[in-house]
>>> print(open('target00.cif').read())   # mmCIF, C-alpha atoms
data_protein
#
loop_
_atom_site.label_atom_id
_atom_site.label_comp_id
_atom_site.auth_asym_id
_atom_site.auth_seq_id
_atom_site.Cartn_x
_atom_site.Cartn_y
_atom_site.Cartn_z
CA MET Q 219 0.00 0.00 0.00
CA ALA Q 220 2.36 2.59 -1.21
CA ARG Q 221 -0.39 4.81 -2.51
CA LYS Q 222 -2.97 5.08 0.07
CA LYS Q 223 -5.93 7.34 -0.14
CA LYS Q 224 -5.04 9.48 -3.08
CA GLU Q 225 -7.16 12.58 -3.06
CA MET Q 226 -9.48 13.30 -5.99
CA PRO Q 227 -7.95 16.15 -7.95
CA GLU Q 228 -10.14 19.21 -7.75
CA LEU Q 229 -11.84 20.24 -10.94
CA ASN Q 230 -10.41 23.47 -12.22
CA GLY Q 231 -13.25 25.91 -12.77
CA ALA Q 232 -11.18 28.69 -14.23
CA GLY Q 233 -11.79 27.68 -17.82
CA MET Q 234 -15.53 27.68 -17.44
CA SER Q 235 -15.70 31.43 -17.24
CA ASP Q 236 -13.76 31.69 -20.50
CA ILE Q 237 -16.18 29.41 -22.25
CA SER Q 238 -19.19 31.23 -20.94
CA PHE Q 239 -17.61 34.55 -21.85
CA LEU Q 240 -17.33 33.31 -25.40
CA LEU Q 241 -20.98 32.29 -25.39
CA LEU Q 242 -21.93 35.63 -23.90
CA CYS Q 243 -20.06 37.47 -26.63
CA PHE Q 244 -21.80 35.36 -29.24
CA PHE Q 245 -25.21 36.33 -27.93
CA LEU Q 246 -24.23 39.96 -27.61
CA MET Q 247 -23.19 40.04 -31.24
CA THR Q 248 -26.10 38.18 -32.76
CA SER Q 249 -28.99 39.61 -30.82
CA SER Q 250 -30.76 42.90 -30.90
CA MET Q 251 -32.33 44.51 -27.93
CA ASP Q 252 -34.25 47.17 -29.74
CA GLU Q 253 -37.68 47.63 -28.37
CA SER Q 254 -40.02 48.63 -31.09
CA MET Q 255 -41.71 51.83 -30.16
CA GLY Q 256 -43.57 54.24 -32.31
CA ILE Q 257 -46.73 56.05 -33.22
CA SER Q 258 -49.63 53.80 -34.15
CA ARG Q 259 -52.00 54.73 -36.91
CA GLN Q 260 -54.93 53.11 -38.61
CA LEU Q 261 -55.05 53.52 -42.36
CA PRO Q 262 -58.45 54.06 -43.92
CA PRO Q 263 -59.68 51.16 -46.05
CA ILE Q 264 -59.93 51.73 -49.77
CA PRO Q 265 -63.58 52.22 -50.68
CA PRO Q 266 -65.00 49.87 -53.30
CA GLU Q 267 -64.65 51.35 -56.76
CA ASP Q 268 -68.33 51.31 -57.65
CA GLN Q 269 -69.35 53.41 -54.70
CA GLN Q 270 -67.99 56.82 -54.03
CA ILE Q 271 -68.89 57.85 -50.55
CA GLN Q 272 -69.34 61.53 -50.21
CA ILE Q 273 -69.07 62.58 -46.63
CA ASP Q 274 -70.29 66.03 -45.96
CA ILE Q 275 -68.02 67.83 -43.57
CA LYS Q 276 -68.53 71.48 -42.91
CA GLN Q 277 -65.65 73.73 -43.74
CA HIS Q 278 -65.32 75.18 -40.26
CA ASN Q 279 -64.90 71.70 -38.75
CA VAL Q 280 -61.77 70.98 -40.74
CA LEU Q 281 -58.34 71.90 -39.54
CA GLN Q 282 -56.18 71.89 -42.59
CA VAL Q 283 -52.60 70.95 -41.82
CA LEU Q 284 -50.28 71.18 -44.77
CA VAL Q 285 -46.56 70.45 -44.91
CA ASP Q 286 -44.93 71.64 -48.10
CA GLY Q 287 -41.78 70.56 -49.90
CA GLN Q 288 -39.62 72.94 -47.90
CA ASP Q 289 -40.94 71.36 -44.68
CA ARG Q 290 -42.91 74.46 -43.80
CA LEU Q 291 -46.09 73.92 -41.89
CA SER Q 292 -49.24 75.83 -42.54
CA VAL Q 293 -52.45 75.42 -40.59
CA ASN Q 294 -55.60 76.75 -42.23
CA GLN Q 295 -53.44 78.69 -44.68
CA ARG Q 296 -51.41 80.31 -41.91
CA GLN Q 297 -47.74 79.59 -41.36
CA MET Q 298 -47.04 77.97 -38.05
CA ASP Q 299 -44.14 76.60 -36.08
CA ILE Q 300 -44.34 72.86 -35.39
CA LYS Q 301 -44.02 73.46 -31.65
CA ASP Q 302 -47.29 75.42 -31.68
CA LEU Q 303 -49.28 72.82 -33.57
CA LYS Q 304 -50.27 70.89 -30.46
CA ASP Q 305 -51.83 73.87 -28.73
CA ALA Q 306 -53.47 75.07 -31.92
CA THR Q 307 -55.02 71.64 -32.42
CA LYS Q 308 -56.24 71.48 -28.85
CA GLU Q 309 -57.81 74.88 -29.11
CA PHE Q 310 -59.43 74.02 -32.40
CA ILE Q 311 -61.02 70.88 -30.94
CA LEU Q 312 -62.00 72.35 -27.60
CA ASN Q 313 -63.13 75.69 -29.01
CA PRO Q 314 -63.74 77.20 -25.56
CA THR Q 315 -65.07 80.50 -26.90
CA ASN Q 316 -67.47 78.85 -29.38
CA ASP Q 317 -65.75 80.59 -32.23
CA GLN Q 318 -67.66 80.28 -35.51
CA THR Q 319 -64.49 79.56 -37.45
CA LYS Q 320 -63.54 76.62 -35.26
CA SER Q 321 -65.08 73.19 -34.77
CA SER Q 322 -68.69 72.95 -33.68
CA LYS Q 323 -70.01 70.54 -31.08
CA LYS Q 324 -72.77 68.01 -31.16
CA GLU Q 325 -74.47 66.36 -28.22
CA GLU Q 326 -74.05 62.63 -28.09
CA ASP Q 327 -74.90 59.90 -25.63
CA ILE Q 328 -71.82 58.08 -24.43
CA PRO Q 329 -72.41 54.88 -22.44
CA GLY Q 330 -71.19 55.23 -18.91
CA VAL Q 331 -70.91 59.00 -19.02
CA GLY Q 332 -74.18 60.35 -20.33
CA ASN Q 333 -74.77 63.18 -22.71
CA VAL Q 334 -71.59 64.93 -23.72
CA MET Q 335 -70.86 67.70 -26.17
CA ILE Q 336 -68.52 66.19 -28.69
CA SER Q 337 -66.43 68.19 -31.06
CA GLU Q 338 -66.90 67.43 -34.73
CA ALA Q 339 -63.39 68.48 -35.61
CA VAL Q 340 -61.58 66.66 -38.37
CA ILE Q 341 -57.91 67.16 -38.99
CA SER Q 342 -56.92 66.99 -42.59
CA LEU Q 343 -53.24 66.24 -42.97
CA GLN Q 344 -51.65 66.77 -46.31
CA ASN Q 345 -48.10 66.63 -47.49
CA VAL Q 346 -46.25 66.58 -50.78
CA ARG Q 347 -43.85 63.98 -52.07
CA SER Q 348 -40.77 65.96 -51.15
CA THR Q 349 -41.73 66.56 -47.53
CA SER Q 350 -39.15 64.98 -45.27
CA TYR Q 351 -40.27 62.06 -43.15
CA GLU Q 352 -38.81 63.57 -40.01
CA VAL Q 353 -41.03 66.66 -40.23
CA TYR Q 354 -44.02 64.54 -41.17
CA LEU Q 355 -43.56 62.42 -38.07
CA GLN Q 356 -43.11 65.51 -35.91
CA VAL Q 357 -46.50 66.72 -37.15
CA GLN Q 358 -48.06 63.32 -36.45
CA ASN Q 359 -46.46 63.41 -33.03
CA GLN Q 360 -47.87 66.85 -32.25
CA LEU Q 361 -51.35 65.79 -33.30
CA THR Q 362 -51.13 62.65 -31.18
CA ALA Q 363 -49.89 64.74 -28.28
CA ALA Q 364 -52.88 67.06 -28.61
CA TYR Q 365 -55.33 64.16 -28.45
CA ASN Q 366 -53.43 62.50 -25.61
CA GLU Q 367 -53.52 65.70 -23.58
CA LEU Q 368 -57.20 66.23 -24.23
CA ARG Q 369 -57.96 62.69 -23.14
CA ASN Q 370 -55.82 63.05 -20.05
CA GLU Q 371 -57.51 66.29 -19.05
CA GLU Q 372 -60.95 64.79 -19.61
CA SER Q 373 -60.04 61.69 -17.57
CA VAL Q 374 -58.79 63.75 -14.66
CA ALA Q 375 -61.90 65.95 -14.78
CA ARG Q 376 -64.33 63.04 -14.92
CA PHE Q 377 -62.68 60.22 -13.02
CA GLY Q 378 -59.83 61.91 -11.17
CA ARG Q 379 -57.26 59.67 -12.76
CA LYS Q 380 -54.99 59.78 -15.74
CA PHE Q 381 -56.09 58.15 -18.96
CA ALA Q 382 -53.57 55.35 -18.62
CA ASP Q 383 -54.91 54.38 -15.18
CA LEU Q 384 -58.56 54.12 -16.20
CA ASP Q 385 -60.39 50.82 -16.51
CA GLU Q 386 -61.55 49.57 -19.85
CA ILE Q 387 -65.08 51.03 -19.85
CA GLN Q 388 -63.92 54.45 -18.76
CA ARG Q 389 -61.14 54.42 -21.31
CA GLU Q 390 -63.58 53.55 -24.05
CA ALA Q 391 -65.84 56.43 -23.02
CA ILE Q 392 -62.98 58.93 -23.05
CA THR Q 393 -61.79 57.63 -26.39
CA LYS Q 394 -65.28 58.19 -27.77
CA ILE Q 395 -65.37 61.74 -26.47
CA TYR Q 396 -62.07 62.56 -28.13
CA ARG Q 397 -61.94 60.29 -31.11
CA GLN Q 398 -58.87 60.74 -33.24
CA ARG Q 399 -60.10 61.94 -36.55
CA ILE Q 400 -57.09 62.52 -38.68
CA SER Q 401 -57.75 62.24 -42.35
CA GLU Q 402 -54.80 61.93 -44.63
CA SER Q 403 -55.00 62.36 -48.30
CA PRO Q 404 -52.07 61.03 -50.27
CA PRO Q 405 -50.01 63.57 -52.18
CA LYS Q 406 -51.62 64.54 -55.47
CA ASP Q 407 -49.10 62.68 -57.58
CA THR Q 408 -49.08 59.36 -55.71
CA ARG Q 409 -48.95 56.32 -57.95
CA LYS Q 410 -52.34 55.14 -58.95
CA LYS Q 411 -53.32 51.51 -59.05
CA LYS Q 412 -52.11 49.86 -62.20
CA MET E 1242 -2.89 47.81 18.84
CA ALA E 1243 -2.20 44.46 20.29
CA LYS E 1244 -5.58 43.44 19.11
CA PHE E 1245 -4.51 43.40 15.48
CA THR E 1246 -1.01 42.09 15.69
CA GLY E 1247 -2.25 38.54 15.72
CA LYS E 1248 -3.24 38.71 12.10
CA LYS E 1249 0.13 39.86 10.89
CA GLY E 1250 2.20 37.49 8.87
CA LYS E 1251 -0.72 35.24 8.09
CA LYS E 1252 -0.71 34.01 4.52
CA LEU E 1253 -3.30 35.63 2.26
CA ALA E 1254 -5.96 33.20 1.14
CA GLY E 1255 -5.92 32.46 -2.61
CA PHE E 1256 -8.42 34.37 -4.67
CA SER E 1257 -10.93 31.91 -6.00
CA THR E 1258 -12.19 32.46 -9.51
CA ALA E 1259 -14.54 29.51 -9.44
CA SER E 1260 -17.61 31.67 -8.95
CA MET E 1261 -16.76 33.95 -11.83
CA GLY E 1262 -18.07 31.35 -14.21
CA ASP E 1263 -21.38 31.36 -12.39
CA ILE E 1264 -21.64 35.11 -12.63
CA VAL E 1265 -20.90 35.07 -16.33
CA PHE E 1266 -23.49 32.35 -16.79
CA ILE E 1267 -26.09 34.52 -15.08
CA LEU E 1268 -25.17 37.36 -17.42
CA LEU E 1269 -25.42 34.98 -20.33
CA PHE E 1270 -28.90 33.86 -19.33
CA PHE E 1271 -29.96 37.45 -18.88
CA PHE E 1272 -28.97 38.27 -22.42
CA MET E 1273 -30.48 35.11 -23.81
CA VAL E 1274 -33.82 35.91 -22.23
CA THR E 1275 -34.03 39.63 -22.90
CA THR E 1276 -32.86 39.72 -26.47
CA THR E 1277 -34.24 38.43 -29.68
CA MET E 1278 -32.16 37.02 -32.45
CA ARG E 1279 -31.49 39.38 -35.27
CA GLU E 1280 -33.42 37.81 -38.08
CA THR E 1281 -32.46 39.92 -40.99
CA GLU E 1282 -29.36 41.71 -41.99
CA VAL E 1283 -30.10 45.39 -42.23
CA LYS E 1284 -29.08 46.77 -45.57
CA VAL E 1285 -30.60 50.21 -45.37
CA ARG E 1286 -29.88 52.90 -42.84
CA THR E 1287 -32.90 53.32 -40.62
CA ASP E 1288 -32.16 56.19 -38.34
CA VAL E 1289 -35.69 56.71 -37.06
CA PRO E 1290 -36.83 60.12 -35.85
CA LYS E 1291 -37.53 61.07 -32.27
CA ALA E 1292 -41.05 61.49 -30.97
CA SER E 1293 -42.53 62.06 -27.54
CA GLU E 1294 -45.85 60.22 -27.88
CA VAL E 1295 -44.55 56.78 -28.67
CA THR E 1296 -46.23 53.61 -27.50
CA LYS E 1297 -44.83 50.14 -27.20
CA LEU E 1298 -45.51 47.55 -29.82
CA GLU E 1299 -47.89 45.07 -28.28
CA ARG E 1300 -47.33 41.82 -30.11
CA LYS E 1301 -43.95 41.43 -31.68
CA ASP E 1302 -44.89 38.13 -33.29
CA LEU E 1303 -47.74 39.78 -35.20
CA THR E 1304 -45.52 42.46 -36.60
CA VAL E 1305 -44.09 42.66 -40.03
CA TYR E 1306 -41.26 45.08 -40.61
CA ILE E 1307 -40.68 47.28 -43.61
CA ASN E 1308 -37.42 49.19 -43.69
CA ILE E 1309 -37.06 52.25 -45.83
CA GLY E 1310 -33.91 54.31 -46.11
CA PRO E 1311 -30.76 54.91 -48.11
CA PRO E 1312 -28.65 51.76 -48.63
CA ILE E 1313 -25.68 51.32 -46.32
CA ALA E 1314 -22.23 52.22 -47.65
CA SER E 1315 -21.32 48.74 -48.87
CA GLU E 1316 -24.50 48.47 -50.96
CA GLN E 1317 -24.39 51.94 -52.44
CA ALA E 1318 -22.31 50.87 -55.40
CA ARG E 1319 -25.15 48.65 -56.57
CA TYR E 1320 -28.24 50.44 -55.40
CA GLY E 1321 -27.25 54.12 -55.25
CA THR E 1322 -28.02 56.47 -52.42
CA ASP E 1323 -31.73 56.99 -52.97
CA ALA E 1324 -34.12 55.61 -50.39
CA CYS E 1325 -34.93 51.93 -50.96
CA ILE E 1326 -37.38 49.46 -49.50
CA GLN E 1327 -35.99 46.44 -47.74
CA LEU E 1328 -38.21 43.45 -47.09
CA ASN E 1329 -36.60 40.53 -45.28
CA ASP E 1330 -33.08 40.35 -46.67
CA SER E 1331 -33.24 42.07 -50.00
CA PHE E 1332 -34.11 45.27 -51.75
CA LYS E 1333 -37.59 45.28 -53.16
CA THR E 1334 -39.99 47.59 -54.90
CA VAL E 1335 -43.42 48.78 -53.84
CA ASP E 1336 -45.04 46.06 -55.95
CA ASP E 1337 -43.39 43.31 -53.90
CA ILE E 1338 -45.09 44.46 -50.71
CA ARG E 1339 -48.33 42.76 -51.67
CA ASN E 1340 -46.80 39.29 -51.79
CA PHE E 1341 -44.69 39.98 -48.74
CA ILE E 1342 -47.71 40.96 -46.65
CA ALA E 1343 -49.78 38.10 -48.03
CA SER E 1344 -47.18 35.48 -47.17
CA PHE E 1345 -46.75 36.89 -43.68
CA ARG E 1346 -50.49 36.86 -43.16
CA GLU E 1347 -50.65 33.24 -44.31
CA GLY E 1348 -48.25 32.29 -41.54
CA LEU E 1349 -50.43 33.73 -38.81
CA ALA E 1350 -53.24 31.99 -37.01
CA GLU E 1351 -56.68 32.89 -38.30
CA ALA E 1352 -57.63 34.61 -35.06
CA ASP E 1353 -54.53 36.79 -35.02
CA ARG E 1354 -54.77 38.11 -38.55
CA PRO E 1355 -56.83 41.22 -37.80
CA TYR E 1356 -54.21 42.28 -35.27
CA MET E 1357 -51.35 42.17 -37.70
CA THR E 1358 -49.31 45.35 -37.50
CA THR E 1359 -46.91 46.73 -40.03
CA ALA E 1360 -44.00 48.53 -38.43
CA LEU E 1361 -42.47 51.09 -40.72
CA LYS E 1362 -38.84 51.71 -39.91
CA ILE E 1363 -38.08 54.73 -41.97
CA ASP E 1364 -34.96 56.84 -42.00
CA LYS E 1365 -35.65 60.41 -41.02
CA GLU E 1366 -34.10 61.87 -44.14
CA THR E 1367 -36.41 59.93 -46.42
CA ARG E 1368 -38.84 61.93 -48.51
CA MET E 1369 -42.54 61.30 -48.13
CA GLY E 1370 -43.04 60.22 -51.74
CA ILE E 1371 -41.88 56.65 -51.24
CA VAL E 1372 -43.59 56.51 -47.85
CA SER E 1373 -46.91 57.50 -49.42
CA ASP E 1374 -46.51 54.84 -52.09
CA VAL E 1375 -45.92 52.21 -49.43
CA LYS E 1376 -48.90 53.39 -47.40
CA GLU E 1377 -51.18 53.27 -50.43
CA GLU E 1378 -49.97 49.76 -51.20
CA LEU E 1379 -50.65 48.69 -47.61
CA ARG E 1380 -54.17 50.05 -47.89
CA ARG E 1381 -54.69 47.95 -50.97
CA CYS E 1382 -53.37 44.89 -49.11
CA GLN E 1383 -55.80 45.52 -46.24
CA ALA E 1384 -52.89 45.86 -43.84
CA LEU E 1385 -54.35 48.88 -42.12
CA LYS E 1386 -52.67 48.81 -38.74
CA ILE E 1387 -49.37 50.55 -39.06
CA MET E 1388 -46.80 51.96 -36.72
CA TYR E 1389 -44.21 54.58 -37.49
CA ASN E 1390 -41.16 53.51 -35.56
CA ALA E 1391 -39.58 56.25 -33.48
CA ILE E 1392 -37.24 56.74 -30.59
CA LYS E 1393 -38.69 58.03 -27.37
CA ALA E 1394 -37.72 61.62 -26.69
CA GLU E 1395 -38.34 63.28 -23.39
#
>>> encode(input="target00.cif", output="structure tokens")
Amino acid sequence: MARKKKEMPELNGAGMSDISFLLLCFFLMTSSMDESMGISRQLPPIPPEDQQIQIDIKQHNVLQVLVDGQDRLSVNQRQMDIKDLKDATKEFILNPTNDQTKSSKKEEDIPGVGNVMISEAVISLQNVRSTSYEVYLQVQNQLTAAYNELRNEESVARFGRKFADLDEIQREAITKIYRQRISESPPKDTRKKK
Amino acid sequence: MAKFTGKKGKKLAGFSTASMGDIVFILLFFFMVTTTMRETEVKVRTDVPKASEVTKLERKDLTVYINIGPPIASEQARYGTDACIQLNDSFKTVDDIRNFIASFREGLAEADRPYMTTALKIDKETRMGIVSDVKEELRRCQALKIMYNAIKAE
């Protein structure tokens, strides 16, 4: 019994970290962490060709937002800075002074809230082919911000909570009160269906 | 001071690196869980604009991506510097969107199809002309839910 009780050699764990570092690097290189965020929109469906729907919208209910090829913004034929678009939109929809040139209101029954005066405002967004996408998205962002603020203010006034904290029925009611009505017409020279 | 003298001269215990592997493994698992594999190789520059009112995309698996932007430097020799449309791995034209959307829709469960979203990753220097063409095509394909990708700005 020359060799008695030889101890098990301890497993060297130093190399494991190298291997896992390699794996880690592989995952870091091949994966993307980008969270997709953005502004959601619903495109209008194309009406069937045999029926042309004529919707009658009064002139004073339309807020005409136009972005030209030099990325200048004009709202109802008046030049405007993009920063001011949100407040202009809010004022147009709310129309606190009942201005004849701004949107009119109609009484409507909203489930869960009762009769509410709802603005009939429609925002008509138009751009040309050479408008830059960045400015276009800024305009979209401002319009979304206007609606989001209106909804938030209405939620706080009615339910004492922010729009995001409301339950489903309340949220639906608020959404009905301030429905996003943004109508986009494609630039005049957009490709027609072949 | 006599309190501490006892520790003097004692040999320093060896620094064990055995647990480092465990830590790196935890890191590895973190990355494996939080990230998604990059499915396509991006061939156009999509430097999306900033916006403050962004919302999160709800169902990533119901989302089809359309990239629009100028080709990256290595592709410019072949495709020029004008904004191009990239679907999956290759440059395509507006007419190819129809088939692309249709095949993606085929792959979805029947119940999920109405919730299909098209995420538009568009470079901020792109002109609206090509964007309008794509939007019109999407309308014709009945892919009406869209999202303009943007970075959250405070």
>>> residues_around(input="target00.cif", residues="range 1338-1349 of chain E", least_positions_apart="2", cutoff="8 Å", atoms="all atoms listed in the file", output="list in words")
Leu1303, Val1305, Leu1328, Lys1333, Thr1334, Val1335, Asp1336, Glu1351, Asp1353, Arg1354, Met1357, Val1375, Glu1378, Leu1379, Cys1382 and Ala1384 of chain E
>>> interface_residues(input="target00.cif", of="chain Q", to="chain E", cutoff="8 Å", atoms="only C-alpha atoms", output="PDB file with C-alpha atoms, in the frame of the given file")
ATOM      1  CA  ASN Q 230     -10.410  23.470 -12.220  1.00  0.00           C
ATOM      2  CA  GLY Q 231     -13.250  25.910 -12.770  1.00  0.00           C
ATOM      3  CA  ALA Q 232     -11.180  28.690 -14.230  1.00  0.00           C
ATOM      4  CA  MET Q 234     -15.530  27.680 -17.440  1.00  0.00           C
ATOM      5  CA  SER Q 235     -15.700  31.430 -17.240  1.00  0.00           C
ATOM      6  CA  ASP Q 236     -13.760  31.690 -20.500  1.00  0.00           C
ATOM      7  CA  SER Q 238     -19.190  31.230 -20.940  1.00  0.00           C
ATOM      8  CA  PHE Q 239     -17.610  34.550 -21.850  1.00  0.00           C
ATOM      9  CA  LEU Q 241     -20.980  32.290 -25.390  1.00  0.00           C
ATOM     10  CA  LEU Q 242     -21.930  35.630 -23.900  1.00  0.00           C
ATOM     11  CA  PHE Q 245     -25.210  36.330 -27.930  1.00  0.00           C
ATOM     12  CA  LEU Q 246     -24.230  39.960 -27.610  1.00  0.00           C
ATOM     13  CA  THR Q 248     -26.100  38.180 -32.760  1.00  0.00           C
ATOM     14  CA  SER Q 249     -28.990  39.610 -30.820  1.00  0.00           C
ATOM     15  CA  SER Q 250     -30.760  42.900 -30.900  1.00  0.00           C
ATOM     16  CA  MET Q 251     -32.330  44.510 -27.930  1.00  0.00           C
ATOM     17  CA  GLU Q 253     -37.680  47.630 -28.370  1.00  0.00           C
ATOM     18  CA  SER Q 254     -40.020  48.630 -31.090  1.00  0.00           C
ATOM     19  CA  MET Q 255     -41.710  51.830 -30.160  1.00  0.00           C
ATOM     20  CA  GLY Q 256     -43.570  54.240 -32.310  1.00  0.00           C
ATOM     21  CA  ILE Q 257     -46.730  56.050 -33.220  1.00  0.00           C
ATOM     22  CA  SER Q 258     -49.630  53.800 -34.150  1.00  0.00           C
ATOM     23  CA  ARG Q 259     -52.000  54.730 -36.910  1.00  0.00           C
ATOM     24  CA  GLN Q 260     -54.930  53.110 -38.610  1.00  0.00           C
ATOM     25  CA  LEU Q 261     -55.050  53.520 -42.360  1.00  0.00           C
ATOM     26  CA  PRO Q 262     -58.450  54.060 -43.920  1.00  0.00           C
ATOM     27  CA  PRO Q 263     -59.680  51.160 -46.050  1.00  0.00           C
ATOM     28  CA  ILE Q 264     -59.930  51.730 -49.770  1.00  0.00           C
ATOM     29  CA  ASN Q 345     -48.100  66.630 -47.490  1.00  0.00           C
ATOM     30  CA  VAL Q 346     -46.250  66.580 -50.780  1.00  0.00           C
ATOM     31  CA  ARG Q 347     -43.850  63.980 -52.070  1.00  0.00           C
ATOM     32  CA  SER Q 348     -40.770  65.960 -51.150  1.00  0.00           C
ATOM     33  CA  THR Q 349     -41.730  66.560 -47.530  1.00  0.00           C
ATOM     34  CA  SER Q 350     -39.150  64.980 -45.270  1.00  0.00           C
ATOM     35  CA  TYR Q 351     -40.270  62.060 -43.150  1.00  0.00           C
ATOM     36  CA  GLU Q 352     -38.810  63.570 -40.010  1.00  0.00           C
ATOM     37  CA  TYR Q 354     -44.020  64.540 -41.170  1.00  0.00           C
ATOM     38  CA  LEU Q 355     -43.560  62.420 -38.070  1.00  0.00           C
ATOM     39  CA  GLN Q 356     -43.110  65.510 -35.910  1.00  0.00           C
ATOM     40  CA  ASN Q 359     -46.460  63.410 -33.030  1.00  0.00           C
ATOM     41  CA  THR Q 362     -51.130  62.650 -31.180  1.00  0.00           C
ATOM     42  CA  ALA Q 363     -49.890  64.740 -28.280  1.00  0.00           C
ATOM     43  CA  PRO Q 404     -52.070  61.030 -50.270  1.00  0.00           C
ATOM     44  CA  PRO Q 405     -50.010  63.570 -52.180  1.00  0.00           C
ATOM     45  CA  THR Q 408     -49.080  59.360 -55.710  1.00  0.00           C
ATOM     46  CA  ARG Q 409     -48.950  56.320 -57.950  1.00  0.00           C
TER      47      ARG Q 409
END
>>> residues_around(input="target00.cif", residues="Leu281 in chain Q", least_positions_apart="3", cutoff="9 Å", atoms="all atoms listed in the file", output="ChimeraX atom specification")
/Q:277-278,293-294,307,310,320-321,339-343
>>> atom_distance(input="target00.cif", atom1="CA of Tyr365 in chain Q", atom2="CA of Ala306 in chain Q")
11.6 Å
>>> resolve_selection(input="target00.cif", expression="the PyMOL selection byres ((chain Q and resi 389-400) around 7)", output="PyMOL selection string")
chain Q and resi 328-331+336+340-343+365+369+373+381+384-388+401-402
>>> write_last_selection(input="target00.cif", atoms="C-alpha atoms", output="mmCIF file, keeping the file's coordinate frame")
data_model
loop_
_atom_site.group_PDB
_atom_site.id
_atom_site.type_symbol
_atom_site.label_atom_id
_atom_site.label_comp_id
_atom_site.auth_asym_id
_atom_site.auth_seq_id
_atom_site.Cartn_x
_atom_site.Cartn_y
_atom_site.Cartn_z
ATOM 1 C CA ILE Q 328 -71.820 58.080 -24.430
ATOM 2 C CA PRO Q 329 -72.410 54.880 -22.440
ATOM 3 C CA GLY Q 330 -71.190 55.230 -18.910
ATOM 4 C CA VAL Q 331 -70.910 59.000 -19.020
ATOM 5 C CA ILE Q 336 -68.520 66.190 -28.690
ATOM 6 C CA VAL Q 340 -61.580 66.660 -38.370
ATOM 7 C CA ILE Q 341 -57.910 67.160 -38.990
ATOM 8 C CA SER Q 342 -56.920 66.990 -42.590
ATOM 9 C CA LEU Q 343 -53.240 66.240 -42.970
ATOM 10 C CA TYR Q 365 -55.330 64.160 -28.450
ATOM 11 C CA ARG Q 369 -57.960 62.690 -23.140
ATOM 12 C CA SER Q 373 -60.040 61.690 -17.570
ATOM 13 C CA PHE Q 381 -56.090 58.150 -18.960
ATOM 14 C CA LEU Q 384 -58.560 54.120 -16.200
ATOM 15 C CA ASP Q 385 -60.390 50.820 -16.510
ATOM 16 C CA GLU Q 386 -61.550 49.570 -19.850
ATOM 17 C CA ILE Q 387 -65.080 51.030 -19.850
ATOM 18 C CA GLN Q 388 -63.920 54.450 -18.760
ATOM 19 C CA SER Q 401 -57.750 62.240 -42.350
ATOM 20 C CA GLU Q 402 -54.800 61.930 -44.630
#
>>> residues_around(input="target00.cif", residues="range 1315-1320 of chain E", least_positions_apart="5", cutoff="12 Å", atoms="all atoms listed in the file", output="MDAnalysis selection string")
chainID E and resid 1283:1286 1310 1325:1327 1331:1333
>>> axis_aligned_box(input="target00.cif", around="range 225-243 of chain Q", padding_each_side="6 Å", output="lines of an AutoDock Vina configuration file")
center_x = -14.5
center_y = 25.0
center_z = -14.8
size_x = 26.8
size_y = 36.9
size_z = 35.6
>>> atom_distance(input="target00.cif", atom1="CA of Ile311 in chain Q", atom2="CA of Gln282 in chain Q")
12.7 Å
>>> atom_distance(input="target00.cif", atom1="CA of Glu309 in chain Q", atom2="CA of Gly287 in chain Q")
26.6 Å
>>> closest_residue(input="target00.cif", among="E:Tyr1356, E:Ile1313, E:Ala1350, E:Ala1254", to="Arg1300 in chain E", atoms="all atoms listed in the file")
E:Tyr1356
>>> decode(input="target00.cif", residues="range 340-349 of chain Q", atoms="N, CA and C atoms", output="short mmCIF file (atom, residue, chain, number, x, y, z; two decimals), in the first residue's frame")
data_model
loop_
_atom_site.label_atom_id
_atom_site.label_comp_id
_atom_site.auth_asym_id
_atom_site.auth_seq_id
_atom_site.Cartn_x
_atom_site.Cartn_y
_atom_site.Cartn_z
N VAL Q 340 -62.32 67.62 -37.57
CA VAL Q 340 -61.58 66.66 -38.37
C VAL Q 340 -60.27 67.32 -38.76
N ILE Q 341 -59.19 66.59 -38.60
CA ILE Q 341 -57.91 67.16 -38.99
C ILE Q 341 -57.51 66.58 -40.33
N SER Q 342 -57.30 67.45 -41.27
CA SER Q 342 -56.92 66.99 -42.59
C SER Q 342 -55.43 67.23 -42.76
N LEU Q 343 -54.70 66.15 -42.88
CA LEU Q 343 -53.24 66.24 -42.97
C LEU Q 343 -52.82 66.00 -44.41
N GLN Q 344 -52.08 66.92 -44.92
CA GLN Q 344 -51.65 66.77 -46.31
C GLN Q 344 -50.17 67.11 -46.42
N ASN Q 345 -49.51 66.33 -47.25
CA ASN Q 345 -48.10 66.63 -47.49
C ASN Q 345 -47.81 66.41 -48.97
N VAL Q 346 -46.64 66.82 -49.39
CA VAL Q 346 -46.25 66.58 -50.78
C VAL Q 346 -45.16 65.52 -50.78
N ARG Q 347 -44.80 65.09 -51.98
CA ARG Q 347 -43.85 63.98 -52.07
C ARG Q 347 -42.46 64.33 -51.55
N SER Q 348 -42.13 65.61 -51.57
CA SER Q 348 -40.77 65.96 -51.15
C SER Q 348 -40.70 66.42 -49.70
N THR Q 349 -41.79 66.30 -48.97
CA THR Q 349 -41.73 66.56 -47.53
C THR Q 349 -40.81 65.53 -46.88
#
